[in-house]
Amino acid sequence: MAVTLIVAMTLPFLLPPKYSLGPRWIVPVIEAVFLVALIVADPGRIDRRSSFVRALSLGLVVILVAGAAGVTVRLVIDLARGGPETSSPSGLLRIGAVVWVYVVITFSFLYWELDGGGPEERARSTPEYPDLAFPEHLNPRVTRPGWRPEFFDYLYLGFTDSTAFSPTDVMPLARWAKLAMATQAAASLVILGLVIARAVNIFK
């Protein structure tokens, strides 16, 4: 999870300066502060994390969502109006790929933090009615007893929802999960659709 967050922190530096909400370094620095605070505040027992640590985790997710929303809107504006960054094939593909990865990582953290009340709640006990139904929930015979989703499972969910534009093997049950997955699918569809359309025009 920490490695994925570090990757997210590097993404703004791969985008043009105008894609940042302020100075290019501001969002990564804020995320780094939250990460350090989580490492210091977390006593090392995920099933005993305090409400303060929970608030830090949610704050980090809010920062990620704001950053992903900002770069997505900026990309859509550039693709609609045209700009030097999206007029060359290499620049277009690079920026489109970075923004798409940003969206995937952001929603992975969103699912990780909100599903079943967060990782600490899921570590204490398996929710009777999960927000997200993984295949292991629907068919316990295919996995080991006591299975619980880990961060990689949510990263996989974020990737598949952004590529299929819909749920694949993980079913959203809670309304917030349905809204989040619909939003992610729509964002990914807009990003990939506009990038492909722009690329076709460039290569003509």
# chains A, B, ... in the order shown; residues from 1 in each chain; ligands from 1
>>> residues_around(residues="Trp100 of chain A", least_positions_apart="3", cutoff="12 Å", atoms="only C-alpha atoms", output="NGL selection string")
:A and (8 or 11 or 15 or 68-69 or 71-73 or 75-76 or 93-97 or 103-107 or 158-159 or 161-163 or 184-195)
>>> select_by_dssp(residues="chain A", states="alpha helix (DSSP H)", output="JSON, numbers by chain")
{"A": [2, 3, 4, 5, 6, 7, 8, 9, 10, 26, 27, 28, 29, 30, 31, 32, 33, 34, 35, 36, 37, 38, 39, 40, 41, 51, 52, 53, 54, 55, 56, 57, 58, 59, 60, 61, 62, 63, 64, 65, 66, 67, 68, 69, 70, 71, 72, 73, 74, 75, 76, 77, 78, 79, 80, 81, 89, 90, 91, 92, 93, 94, 95, 96, 97, 98, 99, 100, 101, 102, 103, 104, 105, 106, 107, 108, 109, 110, 111, 112, 113, 114, 119, 120, 121, 122, 123, 124, 135, 136, 137, 138, 151, 152, 153, 154, 155, 156, 157, 158, 159, 160, 161, 162, 163, 164, 175, 176, 177, 178, 179, 180, 181, 182, 183, 184, 185, 186, 187, 188, 189, 190, 191, 192, 193, 194, 195, 196, 197, 198, 199, 200, 201, 202, 203]}
>>> closest_residue(among="A:Ile202, A:Ala174, A:Ala182, A:Ala197", to="Ala80 of chain A", atoms="only C-alpha atoms")
A:Ala197
>>> residues_around(residues="segment 30-34 of chain A", least_positions_apart="6", cutoff="12 Å", atoms="only C-alpha atoms", output="ChimeraX atom specification")
/A:2,5-10,12,21,23-24,40-42,52-67
>>> write_last_selection(atoms="C-alpha atoms", output="PDB file, in the first residue's frame")
ATOM      1  CA  ALA A   2       2.796   2.417   0.884  1.00  0.00           C
ATOM      2  CA  LEU A   5       0.969   5.704  -2.439  1.00  0.00           C
ATOM      3  CA  ILE A   6       4.557   6.676  -3.261  1.00  0.00           C
ATOM      4  CA  VAL A   7       3.813   5.998  -6.926  1.00  0.00           C
ATOM      5  CA  ALA A   8       0.785   8.315  -6.656  1.00  0.00           C
ATOM      6  CA  MET A   9       2.995  10.982  -5.096  1.00  0.00           C
ATOM      7  CA  THR A  10       5.351  10.896  -8.100  1.00  0.00           C
ATOM      8  CA  PRO A  12       2.139  15.004 -10.522  1.00  0.00           C
ATOM      9  CA  LEU A  21      -3.563  22.436  -7.943  1.00  0.00           C
ATOM     10  CA  PRO A  23       2.734  24.379  -7.239  1.00  0.00           C
ATOM     11  CA  ARG A  24       3.516  20.965  -8.679  1.00  0.00           C
ATOM     12  CA  VAL A  40       3.998   7.756  13.522  1.00  0.00           C
ATOM     13  CA  ALA A  41       0.447   7.561  14.888  1.00  0.00           C
ATOM     14  CA  ASP A  42      -0.315   3.954  13.962  1.00  0.00           C
ATOM     15  CA  PHE A  52      -7.307   9.874  14.912  1.00  0.00           C
ATOM     16  CA  VAL A  53      -5.542   7.422  12.598  1.00  0.00           C
ATOM     17  CA  ARG A  54      -8.838   6.776  10.850  1.00  0.00           C
ATOM     18  CA  ALA A  55      -9.253  10.528  10.315  1.00  0.00           C
ATOM     19  CA  LEU A  56      -5.722  10.738   8.884  1.00  0.00           C
ATOM     20  CA  SER A  57      -6.476   7.892   6.486  1.00  0.00           C
ATOM     21  CA  LEU A  58      -9.683   9.522   5.300  1.00  0.00           C
ATOM     22  CA  GLY A  59      -7.878  12.860   4.933  1.00  0.00           C
ATOM     23  CA  LEU A  60      -5.292  11.196   2.724  1.00  0.00           C
ATOM     24  CA  VAL A  61      -8.053   9.751   0.551  1.00  0.00           C
ATOM     25  CA  VAL A  62      -9.649  13.193   0.233  1.00  0.00           C
ATOM     26  CA  ILE A  63      -6.315  14.627  -0.965  1.00  0.00           C
ATOM     27  CA  LEU A  64      -5.966  11.828  -3.522  1.00  0.00           C
ATOM     28  CA  VAL A  65      -9.511  12.358  -4.786  1.00  0.00           C
ATOM     29  CA  ALA A  66      -8.960  16.113  -5.114  1.00  0.00           C
ATOM     30  CA  GLY A  67      -5.708  15.575  -7.013  1.00  0.00           C
TER      31      GLY A  67
END
>>> closest_residue(among="A:Trp25, A:Tyr154, A:Tyr102, A:Phe13", to="Gly118 of chain A", atoms="only C-alpha atoms")
A:Tyr154
>>> atom_distance(atom1="atom CA of Ala199 of chain A", atom2="atom CA of Leu92 of chain A")
7.4 Å
>>> atom_distance(atom1="atom CA of Phe151 of chain A", atom2="atom CA of Leu110 of chain A")
10.7 Å
>>> closest_residue(among="A:Val170, A:Val29, A:Leu79, A:Met1", to="Gly91 of chain A", atoms="only C-alpha atoms")
A:Leu79
>>> closest_residue(among="A:Trp147, A:Trp176, A:Tyr156, A:Tyr19", to="Ser125 of chain A", atoms="only C-alpha atoms")
A:Trp147
>>> decode(residues="segment 110-122 of chain A", atoms="all heavy atoms", output="PDB file, in the first residue's frame")
ATOM      1  N   LEU A 110      -9.781   4.660  -2.136  1.00  0.00           N
ATOM      2  CA  LEU A 110     -11.138   4.971  -1.700  1.00  0.00           C
ATOM      3  C   LEU A 110     -11.876   3.699  -1.289  1.00  0.00           C
ATOM      4  O   LEU A 110     -12.494   3.650  -0.210  1.00  0.00           O
ATOM      5  CB  LEU A 110     -11.893   5.674  -2.830  1.00  0.00           C
ATOM      6  CG  LEU A 110     -13.318   6.124  -2.515  1.00  0.00           C
ATOM      7  CD1 LEU A 110     -13.307   7.276  -1.525  1.00  0.00           C
ATOM      8  CD2 LEU A 110     -14.048   6.518  -3.788  1.00  0.00           C
ATOM      9  N   TYR A 111     -11.802   2.662  -2.103  1.00  0.00           N
ATOM     10  CA  TYR A 111     -12.454   1.395  -1.757  1.00  0.00           C
ATOM     11  C   TYR A 111     -11.829   0.791  -0.504  1.00  0.00           C
ATOM     12  O   TYR A 111     -12.527   0.257   0.363  1.00  0.00           O
ATOM     13  CB  TYR A 111     -12.336   0.407  -2.921  1.00  0.00           C
ATOM     14  CG  TYR A 111     -12.948   0.880  -4.213  1.00  0.00           C
ATOM     15  CD1 TYR A 111     -12.291   0.708  -5.436  1.00  0.00           C
ATOM     16  CD2 TYR A 111     -14.192   1.519  -4.232  1.00  0.00           C
ATOM     17  CE1 TYR A 111     -12.840   1.152  -6.620  1.00  0.00           C
ATOM     18  CE2 TYR A 111     -14.749   1.960  -5.422  1.00  0.00           C
ATOM     19  CZ  TYR A 111     -14.070   1.773  -6.618  1.00  0.00           C
ATOM     20  OH  TYR A 111     -14.615   2.215  -7.792  1.00  0.00           O
ATOM     21  N   TRP A 112     -10.500   0.846  -0.405  1.00  0.00           N
ATOM     22  CA  TRP A 112      -9.769   0.281   0.728  1.00  0.00           C
ATOM     23  C   TRP A 112     -10.191   0.929   2.046  1.00  0.00           C
ATOM     24  O   TRP A 112     -10.372   0.251   3.052  1.00  0.00           O
ATOM     25  CB  TRP A 112      -8.279   0.464   0.484  1.00  0.00           C
ATOM     26  CG  TRP A 112      -7.369   0.318   1.664  1.00  0.00           C
ATOM     27  CD1 TRP A 112      -6.755   1.321   2.344  1.00  0.00           C
ATOM     28  CD2 TRP A 112      -6.947  -0.895   2.296  1.00  0.00           C
ATOM     29  NE1 TRP A 112      -5.982   0.810   3.360  1.00  0.00           N
ATOM     30  CE2 TRP A 112      -6.071  -0.546   3.355  1.00  0.00           C
ATOM     31  CE3 TRP A 112      -7.209  -2.240   2.076  1.00  0.00           C
ATOM     32  CZ2 TRP A 112      -5.476  -1.489   4.174  1.00  0.00           C
ATOM     33  CZ3 TRP A 112      -6.613  -3.180   2.900  1.00  0.00           C
ATOM     34  CH2 TRP A 112      -5.763  -2.806   3.926  1.00  0.00           C
ATOM     35  N   GLU A 113     -10.381   2.233   2.031  1.00  0.00           N
ATOM     36  CA  GLU A 113     -10.694   2.954   3.258  1.00  0.00           C
ATOM     37  C   GLU A 113     -12.164   2.928   3.631  1.00  0.00           C
ATOM     38  O   GLU A 113     -12.507   3.075   4.812  1.00  0.00           O
ATOM     39  CB  GLU A 113     -10.228   4.412   3.148  1.00  0.00           C
ATOM     40  CG  GLU A 113      -8.731   4.589   3.286  1.00  0.00           C
ATOM     41  CD  GLU A 113      -8.198   4.189   4.645  1.00  0.00           C
ATOM     42  OE1 GLU A 113      -8.993   4.142   5.615  1.00  0.00           O
ATOM     43  OE2 GLU A 113      -6.996   3.905   4.739  1.00  0.00           O
ATOM     44  N   LEU A 114     -13.054   2.770   2.676  1.00  0.00           N
ATOM     45  CA  LEU A 114     -14.481   2.847   2.975  1.00  0.00           C
ATOM     46  C   LEU A 114     -15.164   1.487   3.103  1.00  0.00           C
ATOM     47  O   LEU A 114     -16.180   1.378   3.787  1.00  0.00           O
ATOM     48  CB  LEU A 114     -15.201   3.666   1.893  1.00  0.00           C
ATOM     49  CG  LEU A 114     -14.802   5.143   1.776  1.00  0.00           C
ATOM     50  CD1 LEU A 114     -15.700   5.845   0.775  1.00  0.00           C
ATOM     51  CD2 LEU A 114     -14.858   5.840   3.130  1.00  0.00           C
ATOM     52  N   ASP A 115     -14.655   0.482   2.452  1.00  0.00           N
ATOM     53  CA  ASP A 115     -15.303  -0.826   2.488  1.00  0.00           C
ATOM     54  C   ASP A 115     -15.364  -1.376   3.908  1.00  0.00           C
ATOM     55  O   ASP A 115     -14.343  -1.490   4.593  1.00  0.00           O
ATOM     56  CB  ASP A 115     -14.550  -1.809   1.588  1.00  0.00           C
ATOM     57  CG  ASP A 115     -15.230  -3.168   1.529  1.00  0.00           C
ATOM     58  OD1 ASP A 115     -16.466  -3.229   1.703  1.00  0.00           O
ATOM     59  OD2 ASP A 115     -14.521  -4.176   1.307  1.00  0.00           O
ATOM     60  N   GLY A 116     -16.542  -1.699   4.362  1.00  0.00           N
ATOM     61  CA  GLY A 116     -16.710  -2.329   5.672  1.00  0.00           C
ATOM     62  C   GLY A 116     -16.248  -1.490   6.837  1.00  0.00           C
ATOM     63  O   GLY A 116     -15.899  -2.027   7.883  1.00  0.00           O
ATOM     64  N   GLY A 117     -16.236  -0.170   6.691  1.00  0.00           N
ATOM     65  CA  GLY A 117     -15.797   0.693   7.782  1.00  0.00           C
ATOM     66  C   GLY A 117     -14.299   0.907   7.849  1.00  0.00           C
ATOM     67  O   GLY A 117     -13.811   1.522   8.800  1.00  0.00           O
ATOM     68  N   GLY A 118     -13.553   0.424   6.869  1.00  0.00           N
ATOM     69  CA  GLY A 118     -12.104   0.628   6.857  1.00  0.00           C
ATOM     70  C   GLY A 118     -11.332  -0.623   7.211  1.00  0.00           C
ATOM     71  O   GLY A 118     -11.899  -1.615   7.684  1.00  0.00           O
ATOM     72  N   PRO A 119     -10.014  -0.610   6.977  1.00  0.00           N
ATOM     73  CA  PRO A 119      -9.196  -1.814   7.212  1.00  0.00           C
ATOM     74  C   PRO A 119      -9.197  -2.273   8.658  1.00  0.00           C
ATOM     75  O   PRO A 119      -9.116  -3.473   8.934  1.00  0.00           O
ATOM     76  CB  PRO A 119      -7.794  -1.383   6.763  1.00  0.00           C
ATOM     77  CG  PRO A 119      -7.818   0.109   6.762  1.00  0.00           C
ATOM     78  CD  PRO A 119      -9.220   0.498   6.439  1.00  0.00           C
ATOM     79  N   GLU A 120      -9.264  -1.334   9.627  1.00  0.00           N
ATOM     80  CA  GLU A 120      -9.253  -1.751  11.028  1.00  0.00           C
ATOM     81  C   GLU A 120     -10.519  -2.501  11.400  1.00  0.00           C
ATOM     82  O   GLU A 120     -10.476  -3.491  12.147  1.00  0.00           O
ATOM     83  CB  GLU A 120      -9.042  -0.542  11.945  1.00  0.00           C
ATOM     84  CG  GLU A 120     -10.090   0.561  11.826  1.00  0.00           C
ATOM     85  CD  GLU A 120      -9.769   1.550  10.738  1.00  0.00           C
ATOM     86  OE1 GLU A 120      -8.927   1.240   9.875  1.00  0.00           O
ATOM     87  OE2 GLU A 120     -10.367   2.646  10.748  1.00  0.00           O
ATOM     88  N   GLU A 121     -11.663  -2.052  10.877  1.00  0.00           N
ATOM     89  CA  GLU A 121     -12.918  -2.750  11.153  1.00  0.00           C
ATOM     90  C   GLU A 121     -12.925  -4.121  10.494  1.00  0.00           C
ATOM     91  O   GLU A 121     -13.404  -5.103  11.081  1.00  0.00           O
ATOM     92  CB  GLU A 121     -14.107  -1.923  10.666  1.00  0.00           C
ATOM     93  CG  GLU A 121     -14.381  -0.671  11.481  1.00  0.00           C
ATOM     94  CD  GLU A 121     -14.788  -1.004  12.905  1.00  0.00           C
ATOM     95  OE1 GLU A 121     -15.425  -2.046  13.119  1.00  0.00           O
ATOM     96  OE2 GLU A 121     -14.444  -0.220  13.813  1.00  0.00           O
ATOM     97  N   ARG A 122     -12.406  -4.203   9.271  1.00  0.00           N
ATOM     98  CA  ARG A 122     -12.370  -5.494   8.582  1.00  0.00           C
ATOM     99  C   ARG A 122     -11.418  -6.453   9.274  1.00  0.00           C
ATOM    100  O   ARG A 122     -11.614  -7.683   9.223  1.00  0.00           O
ATOM    101  CB  ARG A 122     -11.941  -5.294   7.120  1.00  0.00           C
ATOM    102  CG  ARG A 122     -12.931  -4.496   6.295  1.00  0.00           C
ATOM    103  CD  ARG A 122     -12.618  -4.619   4.813  1.00  0.00           C
ATOM    104  NE  ARG A 122     -11.261  -4.200   4.487  1.00  0.00           N
ATOM    105  CZ  ARG A 122     -10.924  -2.957   4.161  1.00  0.00           C
ATOM    106  NH1 ARG A 122     -11.846  -2.008   4.125  1.00  0.00           N
ATOM    107  NH2 ARG A 122      -9.674  -2.656   3.868  1.00  0.00           N
TER     108      ARG A 122
END
